[in-house]
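Colleague: I'm passing along upload01.txt; it holds compact mmCIF, C-alpha atoms.
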# COMPACT_ATOMS: atom_id res chain seq x y z
CA MET A 1 384.51 -2.90 28.29
CA GLU A 2 381.08 -1.33 28.72
CA VAL A 3 380.96 2.43 28.58
CA ALA A 4 378.98 4.34 31.16
CA ALA A 5 377.89 7.53 29.44
CA VAL A 6 377.67 10.69 31.53
CA ARG A 7 374.98 13.36 31.29
CA THR A 8 376.58 16.80 31.37
CA ASP A 9 375.39 19.58 33.63
CA ASN A 10 374.30 22.08 30.97
CA GLY A 11 377.57 23.89 30.60
CA VAL A 12 379.02 23.63 34.11
CA MET A 13 382.59 22.77 33.13
CA ASN A 14 383.97 21.81 36.53
CA THR A 15 381.13 19.62 37.71
CA LEU A 16 381.27 15.89 37.00
CA SER A 17 377.83 14.41 36.73
CA ARG A 18 376.77 10.90 37.68
CA PRO A 19 377.08 8.13 35.08
CA ARG A 20 373.92 6.92 33.33
CA PRO A 21 373.45 3.69 31.38
CA VAL A 22 374.02 3.77 27.61
CA ALA A 23 371.39 2.06 25.47
CA ALA A 24 372.30 -1.42 24.33
CA GLY A 25 373.92 -1.62 20.93
CA THR A 26 375.48 1.85 21.08
CA ARG A 27 378.60 1.17 23.13
CA PRO A 28 381.86 1.80 21.29
CA PRO A 29 384.61 -0.82 21.71
CA ALA A 30 387.30 0.18 24.19
CA GLY A 31 390.92 0.90 23.42
CA ARG A 32 390.63 2.65 20.05
CA ARG A 33 392.67 5.62 18.84
CA VAL A 34 390.24 8.53 18.57
CA LEU A 35 391.21 11.87 17.06
CA VAL A 36 388.97 14.68 18.33
CA GLY A 37 388.74 17.75 16.13
CA VAL A 38 387.50 20.99 17.67
CA THR A 39 386.39 23.94 15.53
CA GLY A 40 385.47 27.50 16.48
CA GLY A 41 382.20 28.19 18.29
CA ILE A 42 380.86 28.59 21.81
CA ALA A 43 380.03 24.87 21.90
CA ALA A 44 383.78 24.14 21.91
CA TYR A 45 383.64 24.09 25.71
CA LYS A 46 381.79 20.74 25.51
CA ALA A 47 384.82 19.17 23.81
CA ALA A 48 386.47 18.99 27.23
CA GLU A 49 383.70 16.73 28.54
CA LEU A 50 383.83 14.58 25.39
CA VAL A 51 387.57 14.07 25.76
CA ARG A 52 387.10 13.17 29.42
CA LEU A 53 384.43 10.61 28.55
CA LEU A 54 386.54 9.07 25.79
CA ARG A 55 389.52 8.69 28.11
CA GLY A 56 387.27 7.23 30.79
CA ALA A 57 386.04 4.66 28.27
CA GLY A 58 389.61 3.50 27.67
CA HIS A 59 390.27 5.26 24.36
CA ASP A 60 393.58 6.86 23.35
CA VAL A 61 392.71 10.47 22.46
CA GLN A 62 394.54 13.05 20.37
CA VAL A 63 393.03 16.54 20.06
CA VAL A 64 393.43 18.79 17.02
CA MET A 65 392.04 22.34 17.24
CA THR A 66 391.47 24.98 14.60
CA GLU A 67 392.86 28.43 15.30
CA ALA A 68 389.32 29.72 15.91
CA ALA A 69 388.67 26.98 18.47
CA THR A 70 391.58 28.22 20.61
CA ARG A 71 389.66 31.49 21.09
CA PHE A 72 387.01 29.58 23.07
CA VAL A 73 388.97 26.81 24.87
CA THR A 74 392.69 26.78 25.57
CA PRO A 75 394.82 23.94 24.18
CA LEU A 76 396.21 23.49 27.69
CA THR A 77 392.76 22.46 28.98
CA LEU A 78 392.39 19.73 26.36
CA GLN A 79 396.01 18.67 26.75
CA ALA A 80 395.44 18.09 30.46
CA LEU A 81 392.35 15.98 29.74
CA SER A 82 393.75 14.02 26.79
CA GLY A 83 397.26 13.49 28.16
CA LYS A 84 398.79 14.52 24.81
CA PRO A 85 400.02 17.83 23.38
CA VAL A 86 397.23 19.45 21.35
CA ARG A 87 397.96 20.09 17.66
CA THR A 88 396.72 23.40 16.29
CA GLY A 89 398.41 24.10 12.94
CA LEU A 90 400.13 22.89 9.81
CA TRP A 91 403.11 25.16 10.46
CA ASP A 92 404.47 23.39 13.56
CA GLU A 93 408.05 22.80 12.39
CA ALA A 94 408.80 20.14 14.98
CA ALA A 95 405.73 18.09 14.10
CA GLU A 96 405.69 18.66 10.35
CA ALA A 97 409.36 17.71 9.95
CA ALA A 98 408.05 14.14 9.96
CA MET A 99 404.89 15.01 7.99
CA GLY A 100 402.88 15.21 11.19
CA HIS A 101 399.50 15.71 9.52
CA ILE A 102 399.94 12.44 7.61
CA GLU A 103 401.04 10.67 10.78
CA LEU A 104 397.90 11.88 12.55
CA ALA A 105 395.77 10.72 9.64
CA ARG A 106 397.35 7.28 9.80
CA TRP A 107 397.23 7.11 13.60
CA ALA A 108 393.50 7.69 13.94
CA GLU A 109 391.11 4.72 14.00
CA GLN A 110 388.18 7.12 14.46
CA VAL A 111 387.86 10.86 13.82
CA VAL A 112 385.15 12.89 15.54
CA VAL A 113 384.77 16.63 15.03
CA ALA A 114 382.82 18.26 17.87
CA PRO A 115 381.78 20.94 17.39
CA ALA A 116 381.79 21.04 13.60
CA SER A 117 381.06 24.61 12.53
CA ALA A 118 379.20 25.65 9.38
CA ASP A 119 382.51 26.92 7.98
CA PHE A 120 384.24 23.59 8.62
CA LEU A 121 381.41 21.62 6.98
CA ALA A 122 381.68 23.89 3.93
CA ARG A 123 385.45 23.50 3.73
CA LEU A 124 385.24 19.73 4.17
CA ALA A 125 382.53 19.45 1.51
CA GLY A 126 384.69 21.49 -0.87
CA GLY A 127 387.75 19.31 -0.29
CA ARG A 128 389.74 22.19 1.21
CA ALA A 129 393.06 21.52 2.95
CA ASP A 130 393.67 24.97 4.42
CA ASP A 131 394.30 23.98 8.03
CA LEU A 132 395.52 20.93 9.95
CA LEU A 133 392.11 19.49 10.80
CA ALA A 134 390.70 19.76 7.26
CA THR A 135 393.93 18.35 5.81
CA LEU A 136 394.02 15.26 8.00
CA CYS A 137 390.30 14.65 7.35
CA LEU A 138 391.19 14.47 3.64
CA ALA A 139 394.19 12.25 4.30
CA THR A 140 392.69 9.76 6.75
CA THR A 141 390.98 6.49 5.89
CA ALA A 142 389.40 6.33 9.35
CA PRO A 143 385.62 6.83 9.66
CA ILE A 144 384.64 10.42 10.41
CA VAL A 145 381.78 11.50 12.68
CA LEU A 146 380.66 15.14 12.61
CA ALA A 147 378.74 16.81 15.46
CA PRO A 148 377.51 20.14 14.07
CA ALA A 149 376.89 23.23 16.20
CA MET A 150 375.75 26.61 14.89
CA ASN A 151 372.89 29.11 14.88
CA HIS A 152 369.67 27.42 13.81
CA ARG A 153 369.31 29.66 10.76
CA MET A 154 372.81 28.68 9.64
CA TRP A 155 371.96 25.00 10.10
CA LEU A 156 368.72 25.30 8.11
CA ASN A 157 370.31 27.38 5.35
CA PRO A 158 370.13 25.49 2.02
CA ALA A 159 373.91 25.82 1.58
CA THR A 160 374.59 24.05 4.90
CA GLN A 161 371.96 21.39 4.20
CA ALA A 162 373.52 20.77 0.77
CA ASN A 163 376.94 20.35 2.41
CA VAL A 164 375.46 17.93 4.96
CA ALA A 165 373.83 15.89 2.19
CA LEU A 166 377.08 15.82 0.21
CA LEU A 167 379.15 14.71 3.19
CA SER A 168 376.55 12.09 4.20
CA GLY A 169 376.66 10.74 0.66
CA ARG A 170 380.41 10.32 1.00
CA GLY A 171 379.89 8.15 4.06
CA LEU A 172 380.54 10.66 6.86
CA ARG A 173 378.18 10.27 9.81
CA PHE A 174 376.42 13.05 11.71
CA VAL A 175 375.39 13.24 15.36
CA GLY A 176 372.87 15.99 15.99
CA PRO A 177 372.47 18.86 16.08
CA ALA A 178 370.04 18.98 18.97
CA ASP A 179 367.08 21.32 19.19
CA GLY A 180 366.79 23.94 21.93
CA GLU A 181 367.92 27.30 23.27
CA GLN A 182 371.19 28.56 21.84
CA ALA A 183 373.89 30.88 23.16
CA CYS A 184 372.53 33.71 20.98
CA GLY A 185 369.19 33.44 22.80
CA GLU A 186 367.33 31.98 19.83
CA VAL A 187 365.70 28.56 19.80
CA GLY A 188 365.89 25.85 17.14
CA PRO A 189 368.07 23.04 15.74
CA GLY A 190 371.77 23.77 16.02
CA ARG A 191 372.89 22.92 19.55
CA LEU A 192 375.83 20.54 19.84
CA ALA A 193 374.70 17.04 20.79
CA GLU A 194 375.55 16.19 24.39
CA PRO A 195 379.01 14.57 24.79
CA ALA A 196 377.37 11.39 26.13
CA ASP A 197 375.25 11.14 22.96
CA ILE A 198 378.32 11.68 20.76
CA LEU A 199 380.17 8.97 22.67
CA ALA A 200 377.23 6.57 22.27
CA ALA A 201 377.21 7.19 18.50
CA LEU A 202 380.82 6.11 18.02
CA ARG A 203 380.05 2.55 17.01
CA ASP A 204 382.66 0.24 15.55
CA PRO A 205 383.02 1.48 11.93
CA SER A 206 383.90 -2.01 10.73
CA GLY A 207 380.33 -3.04 11.43
CA ALA A 208 381.40 -5.65 13.98
CA ASP A 209 378.73 -4.39 16.34
CA GLY A 210 376.72 -2.52 13.70
CA GLY A 211 373.98 -1.41 16.08
CA LEU A 212 371.05 -3.46 17.32
CA LEU A 213 368.99 -2.63 14.24
CA SER A 214 371.74 -2.88 11.65
CA GLY A 215 370.29 -3.97 8.30
CA ARG A 216 366.69 -3.37 9.39
CA HIS A 217 364.30 -1.03 7.59
CA VAL A 218 362.12 1.09 9.88
CA LEU A 219 359.15 3.12 8.66
CA LEU A 220 358.25 5.88 11.10
CA THR A 221 355.46 8.47 11.12
CA ALA A 222 355.75 11.75 13.05
CA GLY A 223 354.04 15.08 13.60
CA PRO A 224 350.38 16.07 13.30
CA THR A 225 347.99 15.87 10.37
CA ARG A 226 345.84 18.72 9.09
CA GLU A 227 342.28 18.07 7.95
CA ALA A 228 341.00 20.87 5.72
CA VAL A 229 337.73 22.68 6.52
CA ASP A 230 338.12 25.16 3.66
CA PRO A 231 341.11 26.54 1.67
CA VAL A 232 342.42 28.49 4.70
CA ARG A 233 341.28 26.52 7.78
CA PHE A 234 342.00 23.07 9.11
CA ILE A 235 341.53 20.80 12.12
CA SER A 236 344.79 19.64 13.74
CA ASN A 237 346.44 19.00 17.11
CA ARG A 238 349.35 20.20 19.22
CA SER A 239 351.96 17.64 18.17
CA SER A 240 355.34 19.25 17.38
CA GLY A 241 356.89 16.09 15.91
CA LYS A 242 359.92 16.39 18.23
CA MET A 243 359.57 12.89 19.69
CA GLY A 244 359.19 11.29 16.27
CA PHE A 245 362.19 13.13 14.85
CA ALA A 246 364.27 12.20 17.92
CA LEU A 247 363.28 8.58 17.27
CA ALA A 248 364.39 8.88 13.64
CA ALA A 249 367.84 10.03 14.78
CA ALA A 250 368.08 7.32 17.44
CA LEU A 251 367.03 4.59 14.99
CA THR A 252 369.71 5.72 12.54
CA ALA A 253 372.29 5.64 15.33
CA ALA A 254 371.18 2.06 16.07
CA GLY A 255 372.06 1.11 12.49
CA ALA A 256 368.58 1.07 10.94
CA ARG A 257 367.61 2.39 7.52
CA VAL A 258 364.95 4.92 8.42
CA THR A 259 362.09 6.18 6.25
CA LEU A 260 360.16 9.04 7.86
CA VAL A 261 356.66 10.11 6.85
CA SER A 262 356.03 13.48 8.47
CA GLY A 263 353.06 15.73 8.89
CA PRO A 264 353.61 19.51 8.79
CA VAL A 265 356.38 20.41 11.27
CA CYS A 266 359.22 22.94 11.54
CA LEU A 267 362.04 20.46 12.16
CA ALA A 268 365.22 19.60 10.27
CA THR A 269 365.48 16.09 8.86
CA PRO A 270 367.99 13.99 10.86
CA PRO A 271 371.02 13.14 8.70
CA GLY A 272 370.72 9.84 6.85
CA VAL A 273 366.91 9.73 7.10
CA GLU A 274 364.69 9.49 4.00
CA ARG A 275 361.80 11.91 4.54
CA HIS A 276 358.37 12.15 2.89
CA ASP A 277 356.12 15.13 3.75
CA VAL A 278 352.34 14.81 3.85
CA GLU A 279 349.52 16.90 5.27
CA SER A 280 346.29 14.97 5.83
CA ALA A 281 345.50 11.58 7.37
CA ASP A 282 344.49 10.31 3.92
CA GLU A 283 347.82 11.38 2.45
CA MET A 284 349.73 9.76 5.31
CA TYR A 285 347.73 6.53 4.90
CA ARG A 286 348.51 6.35 1.18
CA LYS A 287 352.19 7.15 1.66
CA VAL A 288 352.64 4.59 4.45
CA HIS A 289 351.06 1.81 2.38
CA ALA A 290 353.16 2.78 -0.64
CA LEU A 291 356.34 2.35 1.43
CA ILE A 292 355.46 -0.60 3.69
CA ALA A 293 356.48 -3.52 1.45
CA ASP A 294 360.04 -4.16 2.69
CA VAL A 295 359.68 -2.71 6.21
CA ASP A 296 360.82 -4.70 9.27
CA ILE A 297 359.48 -2.34 11.96
CA TYR A 298 356.67 0.21 11.73
CA ILE A 299 356.45 2.94 14.40
CA GLY A 300 353.33 5.11 14.38
CA ALA A 301 354.49 8.15 16.35
CA ALA A 302 352.39 10.62 14.36
CA ALA A 303 349.36 12.25 15.97
CA VAL A 304 346.95 11.32 13.18
CA ALA A 305 343.50 12.95 13.24
CA ASP A 306 340.73 10.58 14.36
CA TYR A 307 338.10 12.59 12.47
CA ARG A 308 338.08 14.82 9.41
CA PRO A 309 335.43 17.08 7.85
CA THR A 310 333.07 15.18 5.58
CA GLN A 311 333.40 17.94 3.01
CA CYS A 312 335.97 20.67 2.41
CA ALA A 313 334.48 23.91 1.15
CA ASP A 314 336.04 25.07 -2.10
CA ARG A 315 335.94 28.69 -0.91
CA LYS A 316 336.65 30.33 2.43
CA ILE A 317 333.62 29.99 4.70
CA LYS A 318 332.31 33.45 5.60
CA LYS A 319 331.21 34.48 9.10
CA THR A 320 327.46 34.82 8.46
CA SER A 321 325.94 33.32 11.63
CA ASP A 322 326.69 32.81 15.32
CA CYS A 323 327.07 29.05 14.92
CA LEU A 324 328.75 26.86 12.34
CA ASP A 325 328.10 23.14 12.12
CA ILE A 326 330.82 20.95 10.64
CA THR A 327 330.08 17.28 10.07
CA LEU A 328 333.02 15.01 10.80
CA THR A 329 333.71 11.46 9.66
CA ARG A 330 336.30 8.91 10.74
CA ALA A 331 339.77 9.40 9.30
CA PRO A 332 341.66 6.28 8.16
CA ASP A 333 343.23 4.26 10.99
CA ILE A 334 346.80 3.85 9.72
CA LEU A 335 348.06 1.91 12.72
CA SER A 336 345.31 -0.72 12.58
CA SER A 337 345.65 -1.07 8.83
CA VAL A 338 349.37 -1.84 9.09
CA ALA A 339 348.81 -4.30 11.94
CA ALA A 340 346.18 -6.08 9.82
CA LEU A 341 348.47 -6.71 6.85
CA ALA A 342 348.98 -10.36 5.89
CA ARG A 343 352.76 -9.81 5.84
CA ARG A 344 353.00 -7.28 8.61
CA PRO A 345 356.07 -5.72 10.19
CA PHE A 346 356.68 -5.44 13.93
CA VAL A 347 354.16 -2.70 14.83
CA VAL A 348 354.74 -0.07 17.52
CA GLY A 349 352.04 2.46 18.36
CA PHE A 350 351.87 5.58 20.50
CA ALA A 351 349.09 6.63 22.88
CA ALA A 352 348.76 10.24 24.06
CA GLU A 353 346.36 10.14 27.01
CA THR A 354 344.98 12.70 29.48
CA ASN A 355 343.64 10.16 32.00
CA ASP A 356 343.98 6.47 32.91
CA VAL A 357 347.11 6.41 30.77
CA GLU A 358 348.19 2.80 31.20
CA ARG A 359 344.68 1.33 31.08
CA ASN A 360 343.76 3.21 27.91
CA ALA A 361 347.08 2.36 26.27
CA ARG A 362 346.73 -1.34 27.12
CA ASP A 363 343.25 -1.29 25.57
CA LYS A 364 344.63 0.29 22.39
CA LEU A 365 347.45 -2.26 22.26
CA GLU A 366 344.99 -5.16 22.38
CA ARG A 367 342.23 -3.64 20.25
CA LYS A 368 344.55 -2.74 17.38
CA LYS A 369 346.64 -5.92 17.71
CA LEU A 370 349.94 -4.09 18.14
CA ASP A 371 353.23 -5.61 19.21
CA MET A 372 354.11 -2.69 21.47
CA ILE A 373 352.79 0.69 22.50
CA ALA A 374 354.47 3.74 24.06
CA ALA A 375 352.09 5.80 26.19
CA ASN A 376 352.52 9.26 27.61
CA ASP A 377 350.49 11.64 29.76
CA VAL A 378 349.68 14.81 27.80
CA SER A 379 347.50 16.48 30.43
CA GLU A 380 348.30 19.81 32.06
CA GLY A 381 350.93 20.97 29.57
CA ARG A 382 352.95 17.75 29.57
CA ALA A 383 354.72 16.35 26.49
CA PHE A 384 353.37 18.75 23.83
CA ASP A 385 355.69 21.63 22.81
CA ARG A 386 358.33 20.45 25.26
CA ASP A 387 361.87 19.07 24.88
CA ASP A 388 361.34 16.40 27.56
CA ASN A 389 358.90 13.56 28.07
CA ALA A 390 358.30 10.28 29.90
CA LEU A 391 356.83 7.03 28.55
CA ILE A 392 355.24 3.80 29.71
CA VAL A 393 356.10 1.08 27.20
CA LEU A 394 353.69 -1.88 27.08
CA TRP A 395 353.56 -5.21 25.28
CA ALA A 396 351.38 -8.30 25.67
CA ASP A 397 353.03 -9.64 28.82
CA GLY A 398 355.20 -6.81 30.03
CA ARG A 399 355.90 -3.14 30.58
CA ARG A 400 358.78 -0.74 31.08
CA GLN A 401 358.79 2.74 32.55
CA LEU A 402 361.05 5.31 30.87
CA SER A 403 361.62 8.27 33.16
CA GLN A 404 361.21 11.98 32.40
CA GLN A 405 364.19 13.17 30.35
CA ARG A 406 365.18 15.00 27.20
CA LYS A 407 363.41 13.56 24.16
CA CYS A 408 366.68 12.67 22.39
CA GLU A 409 367.75 10.59 25.41
CA LEU A 410 364.27 9.12 25.79
CA ALA A 411 364.36 8.13 22.11
CA ASP A 412 367.63 6.23 22.66
CA GLU A 413 366.06 4.22 25.50
CA LEU A 414 362.86 3.56 23.57
CA VAL A 415 364.79 2.34 20.52
CA ALA A 416 366.72 -0.06 22.75
CA VAL A 417 363.45 -1.48 24.11
CA ILE A 418 361.94 -1.75 20.62
CA ALA A 419 365.05 -3.53 19.35
CA GLU A 420 365.00 -5.93 22.30
CA ARG A 421 361.35 -6.89 21.74
CA TYR A 422 361.72 -7.03 17.96
CA LEU A 423 364.73 -9.34 18.16
CA LEU A 424 362.92 -11.60 20.62
CA SER A 425 359.87 -11.74 18.35
CA ALA A 426 362.14 -12.65 15.43
CA GLY A 427 363.70 -15.47 17.41
CA ALA A 428 367.02 -13.74 18.04
CA GLN A 429 368.52 -12.73 21.36
CA PRO A 430 369.57 -9.11 21.92
CA ALA A 431 373.34 -8.64 21.64
CA LEU A 432 373.44 -6.80 24.99
CA THR A 433 371.20 -6.43 28.00
CA VAL A 434 369.02 -3.35 27.61
CA LEU A 435 369.49 -0.85 30.43
CA ALA A 436 366.46 1.33 31.09
Please re-express this file's structure in structure tokens.
Modeller:
Amino acid sequence: MEVAAVRTDNGVMNTLSRPRPVAAGTRPPAGRRVLVGVTGGIAAYKAAELVRLLRGAGHDVQVVMTEAATRFVTPLTLQALSGKPVRTGLWDEAAEAAMGHIELARWAEQVVVAPASADFLARLAGGRADDLLATLCLATTAPIVLAPAMNHRMWLNPATQANVALLSGRGLRFVGPADGEQACGEVGPGRLAEPADILAALRDPSGADGGLLSGRHVLLTAGPTREAVDPVRFISNRSSGKMGFALAAALTAAGARVTLVSGPVCLATPPGVERHDVESADEMYRKVHALIADVDIYIGAAAVADYRPTQCADRKIKKTSDCLDITLTRAPDILSSVAALARRPFVVGFAAETNDVERNARDKLERKKLDMIAANDVSEGRAFDRDDNALIVLWADGRRQLSQQRKCELADELVAVIAERYLLSAGAQPALTVLA
């Protein structure tokens, strides 16, 4: 059974939105027993949509809520959507007479906690068994997926990041969090991933479907570079790195092993991604070539400087005249250098254009001998510093238009197209038809 994921309406609980296609390779198999855990936080309202989507996909759903979660969404709401009584505590005499928490742990073929609060991640990392949800997570042998949701400062706190790393190392998978405006009015990483994205991430844990890029190693660059003029000044660009980081998360969800080389950005590393931070184009060039040996796919999403100052002053340049001349020289062309390797990976480039987008991108594709290029229009405030984007994807004898949408959703579609073309170039057929 193919799952049609549904885009939610930004918090409108009683409005059912139209189905949208799910990227190939991310559809969960139908008919599984899914236990949905809900912890305390304003994002708990989205659990209702997740349960609805899971039931619509043919899954048998049981909901377990923490006591704090019941302050945000009533158990009756989730009972109506799941078709089963919601469990909320270890001290339910009727259920625990037959060791109900162990029965739930045995029953589940998949556990997904959405939202997973900072407190729950800490308790799970510490092996606590102080409520029903934490206890059954300790007792189950089913794969566990966690969808965090919290204030962005809580998410970025070293304690939370240490808990995430510990849980990831134990084999638990993370979906999100997304980046954007939060209920507190602040902006940053910490929003619960959309229910459709959580549904798409619930792949078969046995590895039967494994994701389109299962077993593949992808090297990805993201963000800007900074080219020093003196110890306090640099030449850079407006890239935020959001598209590249969304790609890193989408590639991981597609089963790939992802190595990310990032310029200076203020973004959290997607769970499961190996990250290397650099600053200049020279540093990025050296790091990419140090990591390229066993790579199957290279994606150059970084906005690498085309030119850099010929010399960097060793002291701050003082304002002594009305004009200042800075001589620039070509920065290393990382994309071309990877495409020119004798044993090269499948190479995907990006083209940020302000005019003649498709023509300029097609020229770059051919001139640099790339396998594929993703082009976007960055004129008039588009793409940069935004959470949405649109792309034209080109290859030697074809193209695909990816419509304006949130960058995390756009990344899912782009990864599906990359996987399709990569598999065809490797002589294999895609497991599923790509829907774009």
Colleague: Report the closest atom pair, with its distance in Å rounded to one decimal, for each residue of stretch 293-377 of chain A that has an atom no farther than 10 Å from stretch 249-270 of chain A; count all atoms listed in the file, sort by chain and then rising residue number, and write it as JSON lines.
Modeller:
{"residue": "A:Val295", "atom": "CA", "partner": "A:Thr259", "partner_atom": "CA", "distance": 9.2}
{"residue": "A:Asp296", "atom": "CA", "partner": "A:Ala256", "partner_atom": "CA", "distance": 9.8}
{"residue": "A:Ile297", "atom": "CA", "partner": "A:Val258", "partner_atom": "CA", "distance": 9.8}
{"residue": "A:Tyr298", "atom": "CA", "partner": "A:Thr259", "partner_atom": "CA", "distance": 9.7}
{"residue": "A:Ile299", "atom": "CA", "partner": "A:Leu260", "partner_atom": "CA", "distance": 9.7}
{"residue": "A:Gly300", "atom": "CA", "partner": "A:Val261", "partner_atom": "CA", "distance": 9.6}
{"residue": "A:Ala301", "atom": "CA", "partner": "A:Ser262", "partner_atom": "CA", "distance": 9.6}
{"residue": "A:Ala302", "atom": "CA", "partner": "A:Ser262", "partner_atom": "CA", "distance": 7.5}
{"residue": "A:Ala303", "atom": "CA", "partner": "A:Gly263", "partner_atom": "CA", "distance": 8.7}
{"residue": "A:Val304", "atom": "CA", "partner": "A:Gly263", "partner_atom": "CA", "distance": 8.7}
Colleague: Excluding A:Arg191 and any residue of its chain fewer than 3 positions from it, enumerate the residues within 6 Å of it, using all atoms listed in the file, and give them as a list in words.
Modeller: Ala149, Pro177 and Ala178 of chain A
Colleague: Here is a test: counting all atoms listed in the file, which residue of A:Ser214, A:Thr70, A:Ser240, A:Gln62 is nearest to A:Arg33?
Modeller: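 Counting all atoms listed in the file, the residue closest to A:Arg33 is A:Gln62.
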Colleague: With all atoms listed in the file as the counted atoms, please give the residues lying no more than 12 Å from A:Ala290, apart from itself and same-chain residues fewer than 6 positions off, as a list in words.
Modeller: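 In the requested format, the answer is Leu219, Thr259, Val261, His276, Glu283, Met284 and Val338 of chain A.
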Colleague: Name all residues at most 9 Å from A:Pro271 (count all atoms listed in the file; drop same-chain ones fewer than 5 positions away) and give them as a count of residues only.
Modeller: 9
Colleague: Please indicate the distance in Å from atom CA of A:Pro158 to atom CA of A:Ile198, rounded to one decimal place.
Modeller: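 We find that atom CA of A:Pro158 and atom CA of A:Ile198 lie 24.7 Å from each other.
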Colleague: Go through A:Asp333, A:Ala108, A:Glu358, A:Val218 one by one, measure the shortest atom-to-atom distance of each to A:Arg286 using all atoms listed in the file, and give the residue with the smallest value.
Modeller: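 Of A:Asp333, A:Ala108, A:Glu358, A:Val218, the one nearest A:Arg286, counting all atoms listed in the file, is A:Asp333.
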Colleague: Can you pull out every residue within 12 Å of A:Arg71, counting all atoms listed in the file, but drop anything in the same chain fewer than 2 positions away, and send it as a ChimeraX atom specification?
Modeller: /A:38-45,65-69,73-75,88
Colleague: Write out as a PyMOL selection string each polymer residue whose atoms come within 8 Å of A:Asp412, counting all atoms listed in the file; drop sequence neighbours fewer than 2 positions from it.
Modeller: chain A and resi 23+247+250-251+408-410+414-416
Colleague: Could you check how far atom CA of A:Val64 sits from atom CA of A:Arg52, in Å to one decimal?
Modeller: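 Those two atoms sit 15.0 Å apart.
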Colleague: Could you check the closest approach to A:Asn360 for each of A:Leu136, A:Val347, A:Ile235, A:Ile373 and tell me which residue wins, using only C-alpha atoms?
Modeller: A:Ile373
Colleague: One number please: atom CA of A:Thr225 to atom CA of A:Ser280, in Å, one decimal.
Modeller: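 Atom-to-atom, atom CA of A:Thr225 to atom CA of A:Ser280, that is 4.9 Å.
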Colleague: Pick out the closest residue to A:Asp371 from this set: A:Asp314, A:Asp397, A:Asp306, A:Glu181. Count only C-alpha atoms.
Modeller: A:Asp397
